[in-house]
>>> print(open('upload32.tsv').read())   # TSV, C-alpha atoms
chain	number	residue	atom	x	y	z
A	9	MET	CA	21.32	6.27	-20.44
A	10	ARG	CA	19.01	3.31	-20.89
A	11	THR	CA	18.42	0.94	-18.02
A	12	PRO	CA	18.98	-2.69	-19.02
A	13	ARG	CA	15.74	-4.62	-19.57
A	14	LEU	CA	15.97	-7.68	-17.37
A	15	TYR	CA	13.07	-9.57	-18.97
A	16	PRO	CA	10.71	-9.17	-21.93
A	17	LEU	CA	7.57	-7.28	-20.90
A	18	LYS	CA	5.41	-10.05	-22.32
A	19	ASP	CA	6.53	-12.11	-19.31
A	20	LEU	CA	4.05	-9.99	-17.32
A	21	GLU	CA	1.36	-12.00	-19.10
A	22	ASP	CA	2.91	-15.28	-17.99
A	23	ILE	CA	1.63	-15.14	-14.39
A	24	PRO	CA	-1.38	-17.44	-13.95
A	25	GLY	CA	-4.68	-15.80	-13.04
A	26	THR	CA	-3.14	-12.34	-12.92
A	27	THR	CA	-3.64	-9.17	-14.95
A	28	VAL	CA	-0.95	-6.51	-14.67
A	29	PHE	CA	-2.44	-2.99	-14.64
A	30	THR	CA	-0.66	-0.89	-17.25
A	31	ALA	CA	-0.95	2.61	-18.75
A	32	ILE	CA	-3.08	1.36	-21.63
A	33	ARG	CA	-5.44	-0.45	-19.24
A	34	SER	CA	-5.59	2.66	-17.07
A	35	ARG	CA	-6.79	4.60	-20.10
A	36	GLU	CA	-9.26	1.92	-21.17
A	37	ALA	CA	-10.82	1.98	-17.70
A	38	TYR	CA	-10.68	5.76	-17.18
A	39	HIS	CA	-14.44	6.34	-17.21
A	40	LEU	CA	-15.14	3.11	-15.30
A	41	HIS	CA	-12.68	4.28	-12.68
A	42	LYS	CA	-14.21	7.75	-12.64
A	43	PHE	CA	-17.51	6.06	-11.78
A	44	CYS	CA	-15.81	4.02	-9.03
A	45	MET	CA	-14.20	7.08	-7.49
A	46	SER	CA	-17.51	8.98	-7.63
A	47	LEU	CA	-18.73	6.48	-5.01
A	48	MET	CA	-16.42	8.13	-2.48
A	49	GLU	CA	-19.22	10.68	-1.94
A	50	PRO	CA	-22.27	9.64	0.13
A	51	ALA	CA	-24.75	11.44	-2.16
A	52	ASN	CA	-23.40	9.58	-5.17
A	53	ARG	CA	-23.58	6.23	-3.37
A	54	GLN	CA	-27.20	6.99	-2.60
A	55	ALA	CA	-27.98	7.96	-6.20
A	56	PHE	CA	-26.27	4.82	-7.51
A	57	LYS	CA	-28.17	2.56	-5.10
A	58	ALA	CA	-31.46	4.25	-5.99
A	59	ASP	CA	-31.09	3.65	-9.72
A	60	GLU	CA	-27.95	1.88	-10.90
A	61	HIS	CA	-28.73	2.09	-14.63
A	62	SER	CA	-29.33	5.81	-14.80
A	63	TYR	CA	-26.41	6.55	-12.48
A	64	LEU	CA	-24.09	4.57	-14.75
A	65	ASP	CA	-25.39	6.51	-17.75
A	66	ARG	CA	-23.73	9.62	-16.31
A	67	PHE	CA	-20.38	8.10	-17.23
A	68	ARG	CA	-18.80	7.49	-20.63
A	69	MET	CA	-18.20	3.83	-19.89
A	70	SER	CA	-18.57	1.09	-22.49
A	71	ALA	CA	-21.75	-0.98	-22.52
A	72	GLU	CA	-19.65	-4.00	-21.49
A	73	GLN	CA	-18.22	-2.12	-18.52
A	74	LYS	CA	-21.69	-1.01	-17.40
A	75	GLN	CA	-23.05	-4.54	-17.70
A	76	ALA	CA	-20.13	-5.94	-15.69
A	77	VAL	CA	-20.75	-3.33	-12.97
A	78	LEU	CA	-24.43	-4.30	-12.81
A	79	GLU	CA	-23.41	-7.98	-12.53
A	80	ARG	CA	-20.61	-7.21	-10.03
A	81	ASP	CA	-18.40	-9.32	-12.29
A	82	PHE	CA	-14.99	-8.25	-11.04
A	83	ASN	CA	-13.00	-10.58	-13.28
A	84	ARG	CA	-14.78	-9.09	-16.29
A	85	LEU	CA	-14.18	-5.57	-15.01
A	86	ILE	CA	-10.47	-6.35	-14.77
A	87	ASP	CA	-10.57	-7.78	-18.34
A	88	LEU	CA	-12.07	-4.43	-19.37
A	89	GLY	CA	-9.16	-2.49	-17.91
A	90	GLY	CA	-10.23	-2.16	-14.27
A	91	ASN	CA	-7.97	-2.23	-11.25
A	92	ILE	CA	-9.03	-3.62	-7.89
A	93	TYR	CA	-8.19	-0.49	-5.90
A	94	PHE	CA	-10.81	1.40	-7.91
A	95	LEU	CA	-13.24	-1.50	-8.01
A	96	VAL	CA	-13.42	-1.93	-4.23
A	97	LYS	CA	-15.17	1.45	-4.07
A	98	LEU	CA	-18.07	-0.43	-5.68
A	99	SER	CA	-17.92	-3.42	-3.33
A	100	ASN	CA	-17.50	-1.08	-0.34
A	101	THR	CA	-20.65	0.73	-1.48
A	102	ASP	CA	-22.40	-2.66	-1.53
A	103	GLY	CA	-21.21	-3.26	2.04
A	104	TRP	CA	-19.03	-6.16	0.97
A	105	SER	CA	-15.74	-6.81	2.70
A	106	VAL	CA	-12.69	-6.55	0.47
A	107	GLN	CA	-12.23	-10.26	1.10
A	108	LYS	CA	-15.67	-11.03	-0.29
A	109	ALA	CA	-15.01	-8.92	-3.39
A	110	VAL	CA	-11.65	-10.60	-3.92
A	111	SER	CA	-13.03	-14.09	-3.37
A	112	SER	CA	-15.65	-13.50	-6.07
A	113	MET	CA	-12.84	-13.62	-8.66
A	114	THR	CA	-11.76	-17.12	-7.66
A	115	THR	CA	-13.48	-20.44	-8.24
A	116	MET	CA	-14.37	-20.60	-4.53
A	117	THR	CA	-17.32	-19.42	-2.51
A	118	ALA	CA	-16.64	-16.58	-0.06
A	119	ASP	CA	-16.64	-19.08	2.82
A	120	GLU	CA	-14.28	-21.48	1.06
A	121	TYR	CA	-11.95	-18.59	0.23
A	122	ALA	CA	-12.00	-17.34	3.84
A	123	ALA	CA	-11.15	-20.88	5.00
A	124	MET	CA	-8.25	-21.05	2.53
A	125	MET	CA	-6.89	-17.77	3.88
A	126	ARG	CA	-7.21	-18.92	7.49
A	127	ALA	CA	-5.29	-22.05	6.52
A	128	GLY	CA	-2.39	-19.94	5.18
A	129	GLY	CA	-3.57	-18.75	1.79
A	130	ARG	CA	-2.91	-19.93	-1.75
A	131	SER	CA	0.52	-21.46	-2.26
A	132	PRO	CA	2.74	-19.89	-4.91
A	133	ASP	CA	3.73	-23.42	-5.99
A	134	GLY	CA	2.28	-24.07	-9.43
A	135	ASN	CA	1.11	-20.44	-9.61
A	136	ARG	CA	4.28	-18.62	-10.65
A	137	SER	CA	4.46	-19.14	-14.40
A	138	ILE	CA	2.14	-20.46	-17.09
A	139	ARG	CA	5.13	-21.31	-19.29
A	140	ASP	CA	7.14	-23.12	-16.64
A	141	GLY	CA	4.16	-24.63	-14.84
A	142	ASN	CA	5.78	-23.92	-11.45
B	13	MET	CA	19.91	19.04	13.02
B	14	ALA	CA	17.10	16.65	12.21
B	15	ARG	CA	17.94	12.97	12.52
B	16	ILE	CA	16.34	9.69	11.52
B	17	THR	CA	16.24	7.64	14.71
B	18	ALA	CA	14.31	4.56	13.58
B	19	GLY	CA	12.59	2.80	10.74
B	20	VAL	CA	9.29	0.99	11.05
B	21	ALA	CA	7.56	-1.22	8.49
B	22	THR	CA	4.09	-2.68	8.53
B	23	SER	CA	1.34	-3.98	6.30
B	24	HIS	CA	-1.61	-1.61	5.93
B	25	VAL	CA	-4.59	-3.90	5.30
B	26	PRO	CA	-7.95	-2.01	5.23
B	27	ALA	CA	-9.69	-4.80	7.19
B	28	ILE	CA	-7.26	-4.14	10.06
B	29	GLY	CA	-8.53	-0.56	10.10
B	30	ALA	CA	-12.15	-1.76	10.05
B	31	ALA	CA	-11.53	-4.22	12.93
B	32	PHE	CA	-9.80	-1.43	14.87
B	33	ASP	CA	-12.58	1.10	14.23
B	34	HIS	CA	-15.36	-1.33	15.13
B	35	GLY	CA	-13.80	-2.51	18.38
B	36	ARG	CA	-13.14	-6.05	17.14
B	37	THR	CA	-9.46	-6.19	18.06
B	38	GLY	CA	-10.09	-8.76	20.79
B	39	GLU	CA	-11.89	-11.26	18.53
B	40	ASP	CA	-10.22	-14.64	17.95
B	41	TYR	CA	-9.46	-13.77	14.33
B	42	TRP	CA	-7.97	-10.35	15.03
B	43	LYS	CA	-6.34	-10.71	18.44
B	44	PRO	CA	-3.15	-12.37	17.12
B	45	VAL	CA	-2.78	-9.53	14.60
B	46	PHE	CA	-3.17	-6.72	17.12
B	47	ASP	CA	-1.05	-8.51	19.74
B	48	GLY	CA	1.79	-8.25	17.26
B	49	TYR	CA	1.67	-4.46	17.64
B	50	ASP	CA	1.58	-4.24	21.47
B	51	TRP	CA	5.35	-3.89	21.64
B	52	VAL	CA	5.59	-1.06	19.14
B	53	LYS	CA	2.82	0.99	20.78
B	54	GLN	CA	4.74	1.07	24.07
B	55	TRP	CA	8.01	1.72	22.26
B	56	GLU	CA	6.53	4.67	20.32
B	57	GLU	CA	5.35	6.22	23.60
B	58	GLN	CA	8.96	6.31	24.74
B	59	GLU	CA	10.44	7.32	21.39
B	60	LYS	CA	8.14	10.32	20.92
B	61	PRO	CA	9.03	11.07	17.30
B	62	ASP	CA	8.45	14.66	16.16
B	63	VAL	CA	7.83	13.69	12.56
B	64	VAL	CA	7.14	10.48	10.65
B	65	ILE	CA	7.92	10.29	6.94
B	66	LEU	CA	5.28	7.75	5.99
B	67	CYS	CA	5.82	5.85	2.72
B	68	TYR	CA	2.54	4.34	1.55
B	69	ASN	CA	0.47	3.97	-1.55
B	70	ASP	CA	-2.75	5.71	-2.36
B	71	HIS	CA	-5.40	3.11	-3.24
B	72	ALA	CA	-7.16	5.16	-5.90
B	73	SER	CA	-8.47	7.56	-3.26
B	74	ALA	CA	-6.63	10.81	-4.04
B	75	LEU	CA	-4.41	9.74	-6.94
B	76	MET	CA	-4.25	7.25	-9.80
B	77	LEU	CA	-7.28	8.42	-11.83
B	78	ASP	CA	-6.40	11.78	-13.37
B	79	VAL	CA	-2.80	11.86	-12.20
B	80	VAL	CA	-0.48	8.90	-11.70
B	81	PRO	CA	2.59	10.16	-9.86
B	82	THR	CA	5.48	7.81	-9.21
B	83	PHE	CA	6.48	9.60	-6.00
B	84	ALA	CA	4.09	12.17	-4.47
B	85	LEU	CA	5.19	14.11	-1.37
B	86	GLY	CA	2.53	15.58	0.93
B	87	CYS	CA	3.44	19.24	1.52
B	88	ALA	CA	0.21	20.47	3.12
B	89	GLU	CA	-0.58	21.52	6.69
B	90	GLU	CA	-3.13	18.73	7.00
B	91	PHE	CA	-4.46	15.65	5.27
B	92	ALA	CA	-8.02	14.44	5.86
B	93	PRO	CA	-8.88	10.72	6.11
B	94	ALA	CA	-10.42	9.71	2.76
B	95	ASP	CA	-13.89	8.28	2.20
B	96	GLU	CA	-13.14	4.99	0.45
B	97	GLY	CA	-16.76	4.07	-0.12
B	98	TRP	CA	-17.97	3.48	3.44
B	99	GLY	CA	-17.30	6.88	4.99
B	100	PRO	CA	-13.96	8.18	6.25
B	101	ARG	CA	-12.24	6.22	9.03
B	102	PRO	CA	-13.06	7.84	12.41
B	103	VAL	CA	-9.45	8.73	13.06
B	104	PRO	CA	-7.77	12.09	13.64
B	105	THR	CA	-6.75	14.42	10.83
B	106	VAL	CA	-3.12	13.89	9.82
B	107	TYR	CA	-1.06	17.05	10.35
B	108	GLY	CA	1.97	17.56	8.14
B	109	HIS	CA	5.27	19.28	8.78
B	110	VAL	CA	5.32	22.03	6.19
B	111	GLU	CA	8.92	23.16	6.70
B	112	LEU	CA	10.50	19.71	6.59
B	113	ALA	CA	8.30	18.69	3.66
B	114	ALA	CA	9.34	21.81	1.73
B	115	HIS	CA	12.97	21.07	2.55
B	116	LEU	CA	12.58	17.48	1.33
B	117	ALA	CA	10.85	18.75	-1.82
B	118	GLU	CA	13.83	21.01	-2.59
B	119	GLN	CA	16.58	18.62	-1.68
B	120	LEU	CA	15.13	15.56	-3.38
B	121	VAL	CA	14.54	17.36	-6.68
B	122	LEU	CA	18.07	18.77	-6.50
B	123	ASP	CA	19.16	15.15	-6.06
B	124	GLU	CA	17.34	14.40	-9.33
B	125	PHE	CA	14.22	12.73	-7.95
B	126	ASP	CA	11.42	14.30	-9.97
B	127	LEU	CA	8.80	14.28	-7.24
B	128	THR	CA	5.19	15.33	-7.53
B	129	LEU	CA	4.34	17.78	-4.75
B	130	MET	CA	0.88	17.51	-3.20
B	131	ASN	CA	-0.48	20.75	-1.77
B	132	HIS	CA	-3.82	19.08	-1.13
B	133	MET	CA	-4.43	15.37	-0.60
B	134	ASP	CA	-6.72	13.11	1.39
B	135	VAL	CA	-5.03	10.06	2.90
B	136	ASP	CA	-6.56	6.59	2.79
B	137	HIS	CA	-6.07	3.43	4.85
B	138	GLY	CA	-2.57	3.04	3.44
B	139	CYS	CA	-1.54	5.98	5.62
B	140	THR	CA	-4.00	5.81	8.52
B	141	VAL	CA	-3.92	2.07	9.32
B	142	PRO	CA	-0.18	2.17	10.14
B	143	LEU	CA	-0.82	5.22	12.36
B	144	SER	CA	-3.55	3.31	14.23
B	145	LEU	CA	-1.28	0.28	14.66
B	146	MET	CA	1.65	2.29	16.05
B	147	PHE	CA	-0.25	4.84	18.14
B	148	GLY	CA	-3.53	3.10	18.97
B	149	GLN	CA	-6.82	4.88	19.60
B	150	VAL	CA	-5.97	8.52	20.14
B	151	GLU	CA	-7.69	11.89	19.98
B	152	GLU	CA	-4.80	13.31	18.00
B	153	TRP	CA	-1.82	11.66	16.34
B	154	PRO	CA	1.17	12.29	18.62
B	155	CYS	CA	3.43	13.59	15.83
B	156	ARG	CA	3.52	15.32	12.50
B	157	VAL	CA	3.36	13.11	9.40
B	158	ILE	CA	4.78	13.70	5.94
B	159	PRO	CA	2.99	11.29	3.60
B	160	LEU	CA	5.03	10.02	0.65
B	161	ALA	CA	2.76	8.20	-1.79
B	162	VAL	CA	4.42	5.73	-4.15
B	163	ASN	CA	2.85	4.26	-7.27
B	164	VAL	CA	2.75	0.51	-6.70
B	165	THR	CA	-0.46	0.00	-8.68
B	166	GLN	CA	0.23	0.87	-12.29
B	167	PHE	CA	3.09	-0.88	-14.08
B	168	PRO	CA	5.85	0.10	-14.19
B	169	THR	CA	6.15	1.03	-10.56
B	170	PRO	CA	9.48	2.51	-9.54
B	171	SER	CA	12.05	-0.25	-9.19
B	172	GLY	CA	13.09	-1.49	-5.78
B	173	ASN	CA	16.52	-0.05	-6.45
B	174	ARG	CA	15.06	3.36	-7.27
B	175	CYS	CA	13.16	3.26	-4.01
B	176	TRP	CA	16.41	2.43	-2.25
B	177	MET	CA	18.13	5.43	-3.81
B	178	LEU	CA	15.24	7.68	-2.80
B	179	GLY	CA	15.59	6.45	0.77
B	180	GLU	CA	19.28	7.35	0.75
B	181	ALA	CA	18.46	10.82	-0.58
B	182	ILE	CA	15.81	11.28	2.12
B	183	ALA	CA	18.42	10.48	4.77
B	184	HIS	CA	20.74	13.16	3.37
B	185	ALA	CA	17.92	15.68	3.16
B	186	VAL	CA	16.78	15.07	6.75
B	187	ARG	CA	20.34	15.47	8.04
B	188	SER	CA	20.65	18.86	6.34
B	189	PHE	CA	17.49	20.24	7.97
B	190	PRO	CA	18.63	22.69	10.67
B	191	GLU	CA	15.90	22.19	13.26
B	192	ASP	CA	16.49	19.50	15.88
B	193	LEU	CA	13.84	16.93	15.05
B	194	ASN	CA	13.41	13.28	15.97
B	195	VAL	CA	12.33	11.78	12.64
B	196	GLN	CA	11.16	8.25	11.93
B	197	ILE	CA	10.65	6.78	8.50
B	198	TRP	CA	8.00	4.16	7.90
B	199	GLY	CA	7.61	1.79	4.98
B	200	THR	CA	4.15	0.28	4.65
B	201	GLY	CA	2.22	-2.20	2.54
B	202	GLY	CA	2.81	-5.86	1.75
B	203	MET	CA	3.65	-8.48	2.59
B	204	SER	CA	2.65	-11.13	0.05
B	205	HIS	CA	-0.92	-10.76	-1.18
B	206	GLN	CA	-2.95	-10.73	-4.36
B	207	LEU	CA	-6.34	-9.04	-4.57
B	208	GLN	CA	-7.34	-9.87	-8.14
B	209	GLY	CA	-8.17	-12.68	-10.52
B	210	PRO	CA	-8.23	-16.44	-10.06
B	211	ARG	CA	-4.82	-16.38	-8.30
B	212	ALA	CA	-6.20	-14.12	-5.54
B	213	GLY	CA	-5.23	-15.16	-2.02
B	214	LEU	CA	-1.62	-15.95	-2.83
B	215	ILE	CA	0.59	-15.95	0.26
B	216	ASN	CA	4.33	-16.73	0.22
B	217	PRO	CA	5.77	-16.99	3.74
B	218	GLU	CA	9.14	-18.14	2.43
B	219	PHE	CA	9.54	-15.02	0.28
B	220	ASP	CA	8.23	-12.75	3.06
B	221	ASN	CA	10.56	-14.11	5.72
B	222	ALA	CA	13.56	-13.98	3.38
B	223	PHE	CA	12.63	-10.34	2.76
B	224	LEU	CA	12.49	-9.62	6.51
B	225	ASP	CA	15.88	-11.34	6.95
B	226	GLY	CA	17.34	-9.39	4.05
B	227	LEU	CA	16.39	-6.06	5.62
B	228	ILE	CA	18.98	-6.84	8.31
B	229	ASP	CA	21.88	-8.38	6.50
B	230	ASP	CA	21.40	-8.71	2.74
B	231	THR	CA	19.98	-5.48	1.41
B	232	ASP	CA	21.84	-5.84	-1.92
B	233	LYS	CA	19.75	-8.92	-2.62
B	234	LEU	CA	16.53	-7.01	-1.89
B	235	ARG	CA	17.56	-4.10	-4.14
B	236	ALA	CA	17.93	-6.51	-7.05
B	237	ILE	CA	14.43	-8.04	-6.84
B	238	THR	CA	12.68	-7.22	-10.12
B	239	ARG	CA	9.08	-6.10	-10.47
B	240	LEU	CA	8.35	-9.39	-12.23
B	241	GLU	CA	9.76	-11.37	-9.31
B	242	TYR	CA	7.60	-9.47	-6.82
B	243	LEU	CA	4.53	-10.13	-8.98
B	244	ARG	CA	5.29	-13.83	-9.36
B	245	GLU	CA	6.48	-14.55	-5.83
B	246	SER	CA	4.55	-12.15	-3.59
B	247	GLY	CA	1.36	-11.59	-5.57
B	248	SER	CA	0.28	-8.61	-7.64
B	249	GLU	CA	-0.10	-6.43	-4.55
B	250	GLY	CA	3.00	-7.79	-2.79
B	251	ILE	CA	5.04	-5.35	-4.85
B	252	GLU	CA	4.11	-2.79	-2.18
B	253	LEU	CA	7.21	-4.13	-0.42
B	254	ILE	CA	9.34	-1.77	-2.52
B	255	MET	CA	8.19	0.95	-0.11
B	256	TRP	CA	9.93	-0.88	2.73
B	257	LEU	CA	13.19	-0.34	0.83
B	258	ILE	CA	12.79	3.46	1.01
B	259	MET	CA	12.58	3.10	4.78
B	260	ARG	CA	15.47	0.67	5.02
B	261	ALA	CA	17.82	2.72	2.81
B	262	ALA	CA	17.20	5.84	4.89
B	263	LEU	CA	18.68	4.05	7.93
B	264	GLY	CA	22.17	3.65	6.48
B	265	LYS	CA	24.35	0.56	6.13
B	266	ASP	CA	23.88	-1.28	9.40
B	267	VAL	CA	20.78	-1.65	11.52
B	268	GLU	CA	19.71	-3.35	14.70
B	269	GLN	CA	16.40	-5.21	14.71
B	270	LEU	CA	14.32	-4.13	17.69
B	271	HIS	CA	11.14	-6.03	16.89
B	272	ARG	CA	9.74	-8.37	14.24
B	273	PHE	CA	6.31	-9.90	13.68
B	274	TYR	CA	4.76	-12.04	10.96
B	275	HIS	CA	1.24	-13.41	10.80
B	276	VAL	CA	-1.07	-14.97	8.19
B	277	PRO	CA	-3.73	-13.88	7.45
B	278	ALA	CA	-5.39	-10.54	7.86
B	279	SER	CA	-8.19	-10.75	5.33
B	280	ASN	CA	-6.28	-11.45	2.08
B	281	THR	CA	-2.84	-10.53	3.28
B	282	ALA	CA	0.29	-11.70	5.08
B	283	VAL	CA	1.02	-9.21	7.84
B	284	GLY	CA	4.63	-8.23	8.42
B	285	HIS	CA	6.03	-5.71	10.86
B	286	ILE	CA	9.59	-4.78	11.75
B	287	VAL	CA	11.24	-2.04	13.81
B	288	LEU	CA	14.83	-1.10	13.03
B	289	ARG	CA	17.38	1.23	14.60
B	290	PRO	CA	20.25	2.66	12.55
B	291	LYS	CA	23.60	1.64	14.06
B	292	ALA	CA	25.37	4.80	12.95
B	293	ALA	CA	22.87	7.62	13.06
B	294	ALA	CA	25.27	10.22	11.70
B	295	GLU	CA	26.78	8.09	8.95
B	296	GLY	CA	27.20	9.35	5.38
>>> encode(input="upload32.tsv", output="structure tokens")
Amino acid sequence: MRTPRLYPLKDLEDIPGTTVFTAIRSREAYHLHKFCMSLMEPANRQAFKADEHSYLDRFRMSAEQKQAVLERDFNRLIDLGGNIYFLVKLSNTDGWSVQKAVSSMTTMTADEYAAMMRAGGRSPDGNRSIRDGN
Amino acid sequence: MARITAGVATSHVPAIGAAFDHGRTGEDYWKPVFDGYDWVKQWEEQEKPDVVILCYNDHASALMLDVVPTFALGCAEEFAPADEGWGPRPVPTVYGHVELAAHLAEQLVLDEFDLTLMNHMDVDHGCTVPLSLMFGQVEEWPCRVIPLAVNVTQFPTPSGNRCWMLGEAIAHAVRSFPEDLNVQIWGTGGMSHQLQGPRAGLINPEFDNAFLDGLIDDTDKLRAITRLEYLRESGSEGIELIMWLIMRAALGKDVEQLHRFYHVPASNTAVGHIVLRPKAAAEG
């Protein structure tokens, strides 16, 4: 029995400013994510903070992924397969709030983003579909 | 015979856990959030559940790297709070209910749900923040907890309808457990929020409140919400709401709403909370 497909899967790419985490992305980011999850141990957090470059060299991540980690470029890390639930292990290690990490992916400063959230957040209007512009 | 006496749903924002752990619940920002849970804390003290079946998602703490299970049932004696990068939350160890979990594991697979069974698992804020909200600051959690981790991170997640069917099967399984147990089922996560990319911060109160309404009187509509619609309307992490459907389905056809709360924001997220009582506990 095949379940009816209610929409073409390429519609997942039609949501503005959003990357849907899929099996292929999960594989692409496997070693990046292994690094992120290693930061769940205090000794590893300490080793990473002491020397980020050599700690990252323990993992079979791409050069682009390592560079994006060093730059804390979360949008780039998501482009390179990453998922936020793994990536917050890195921002938690830095002592950032999840809100600060999330705000860094928007065009706003952390303070502007916090103010937007206090005012009710980002409206879905105009943010649902690239194709339909709604 | 074991019986499901109530369903509870709540968001499980990590910042709520941090505010709770650092004694900031009375601050201007957090007070309205925690006030929304005063009612349920008193209610839980009277209800005294023996076991909570707690539907939540693991946030890449125990799962999702090497193994990506769609439904993972915690079968162990105990589950330690996970270290998510800033040390484990200072909350009690979560103790499971081995016999009921084993019974669920058997019955649900016989009902054709191909569960993953977890004989060892740490539990992250997805599981422990709801426990803090319902039971407050305690030395020990006042009941046993069977964690049921659902993949809501990697597409495709289970559909909302599949979650509904799992909830129905859980209700049957609980009813066929011989020991007299007062069982609650909790659905956690949501409501609307997005934690990634330039669209981060999306909040959709209209969608969220329609979802809360639908839990009472239009569950067919909720079952039909597609993954794409969740992503578009409630943000990429709003799809956690499918876990509320497991809870709702386990309560049977008709429910009474005992309590409802909605607040924006907690950090990046719209907070929703509802407490439901099945109208016909022995139905089906």
>>> atom_distance(input="upload32.tsv", atom1="atom CA of Glu59 of chain B", atom2="atom CA of Gln269 of chain B")
15.4 Å
>>> atom_distance(input="upload32.tsv", atom1="atom CA of Asp81 of chain A", atom2="atom CA of Arg139 of chain A")
27.3 Å
>>> residues_around(input="upload32.tsv", residues="segment 201-216 of chain B", least_positions_apart="4", cutoff="8 Å", atoms="all atoms listed in the file", output="MDAnalysis selection string")
(chainID A and resid 24:27 83 86 92 110:111 113:115 121 125 128:132 135) or (chainID B and resid 22:25 68:69 138 220 245:253 255:256 280:284)
>>> atom_distance(input="upload32.tsv", atom1="atom CA of Cys67 of chain B", atom2="atom CA of Pro12 of chain A")
26.8 Å
>>> residues_around(input="upload32.tsv", residues="segment 119-136 of chain B", least_positions_apart="3", cutoff="6 Å", atoms="only C-alpha atoms", output="number ranges by chain")
B: 74, 83-88, 91-94, 116, 139, 185
>>> build_atoms(input="upload32.tsv", residues="segment 113-126 of chain A", atoms="N, CA and C atoms", output="PDB file, in the coordinates of the input")
ATOM      1  N   MET A 113     -13.618 -13.423  -7.419  1.00  0.00           N
ATOM      2  CA  MET A 113     -12.840 -13.620  -8.660  1.00  0.00           C
ATOM      3  C   MET A 113     -12.210 -15.003  -8.743  1.00  0.00           C
ATOM      4  N   THR A 114     -12.336 -15.767  -7.673  1.00  0.00           N
ATOM      5  CA  THR A 114     -11.760 -17.120  -7.660  1.00  0.00           C
ATOM      6  C   THR A 114     -12.862 -18.128  -7.953  1.00  0.00           C
ATOM      7  N   THR A 115     -12.484 -19.390  -7.996  1.00  0.00           N
ATOM      8  CA  THR A 115     -13.480 -20.440  -8.240  1.00  0.00           C
ATOM      9  C   THR A 115     -14.165 -20.867  -6.950  1.00  0.00           C
ATOM     10  N   MET A 116     -13.835 -20.199  -5.836  1.00  0.00           N
ATOM     11  CA  MET A 116     -14.370 -20.600  -4.530  1.00  0.00           C
ATOM     12  C   MET A 116     -15.540 -19.732  -4.102  1.00  0.00           C
ATOM     13  N   THR A 117     -16.332 -20.255  -3.176  1.00  0.00           N
ATOM     14  CA  THR A 117     -17.320 -19.420  -2.510  1.00  0.00           C
ATOM     15  C   THR A 117     -16.572 -18.515  -1.517  1.00  0.00           C
ATOM     16  N   ALA A 118     -17.268 -17.489  -1.025  1.00  0.00           N
ATOM     17  CA  ALA A 118     -16.640 -16.580  -0.060  1.00  0.00           C
ATOM     18  C   ALA A 118     -16.190 -17.343   1.187  1.00  0.00           C
ATOM     19  N   ASP A 119     -17.000 -18.305   1.625  1.00  0.00           N
ATOM     20  CA  ASP A 119     -16.640 -19.080   2.820  1.00  0.00           C
ATOM     21  C   ASP A 119     -15.436 -19.976   2.556  1.00  0.00           C
ATOM     22  N   GLU A 120     -15.422 -20.615   1.397  1.00  0.00           N
ATOM     23  CA  GLU A 120     -14.280 -21.480   1.060  1.00  0.00           C
ATOM     24  C   GLU A 120     -12.990 -20.650   0.963  1.00  0.00           C
ATOM     25  N   TYR A 121     -13.116 -19.470   0.361  1.00  0.00           N
ATOM     26  CA  TYR A 121     -11.950 -18.590   0.230  1.00  0.00           C
ATOM     27  C   TYR A 121     -11.444 -18.154   1.603  1.00  0.00           C
ATOM     28  N   ALA A 122     -12.384 -17.764   2.481  1.00  0.00           N
ATOM     29  CA  ALA A 122     -12.000 -17.340   3.840  1.00  0.00           C
ATOM     30  C   ALA A 122     -11.292 -18.486   4.565  1.00  0.00           C
ATOM     31  N   ALA A 123     -11.786 -19.720   4.360  1.00  0.00           N
ATOM     32  CA  ALA A 123     -11.150 -20.880   5.000  1.00  0.00           C
ATOM     33  C   ALA A 123      -9.750 -21.098   4.444  1.00  0.00           C
ATOM     34  N   MET A 124      -9.587 -20.914   3.136  1.00  0.00           N
ATOM     35  CA  MET A 124      -8.250 -21.050   2.530  1.00  0.00           C
ATOM     36  C   MET A 124      -7.284 -20.023   3.139  1.00  0.00           C
ATOM     37  N   MET A 125      -7.772 -18.801   3.314  1.00  0.00           N
ATOM     38  CA  MET A 125      -6.890 -17.770   3.880  1.00  0.00           C
ATOM     39  C   MET A 125      -6.524 -18.107   5.321  1.00  0.00           C
ATOM     40  N   ARG A 126      -7.506 -18.558   6.101  1.00  0.00           N
ATOM     41  CA  ARG A 126      -7.210 -18.920   7.490  1.00  0.00           C
ATOM     42  C   ARG A 126      -6.194 -20.053   7.559  1.00  0.00           C
TER      43      ARG A 126
END
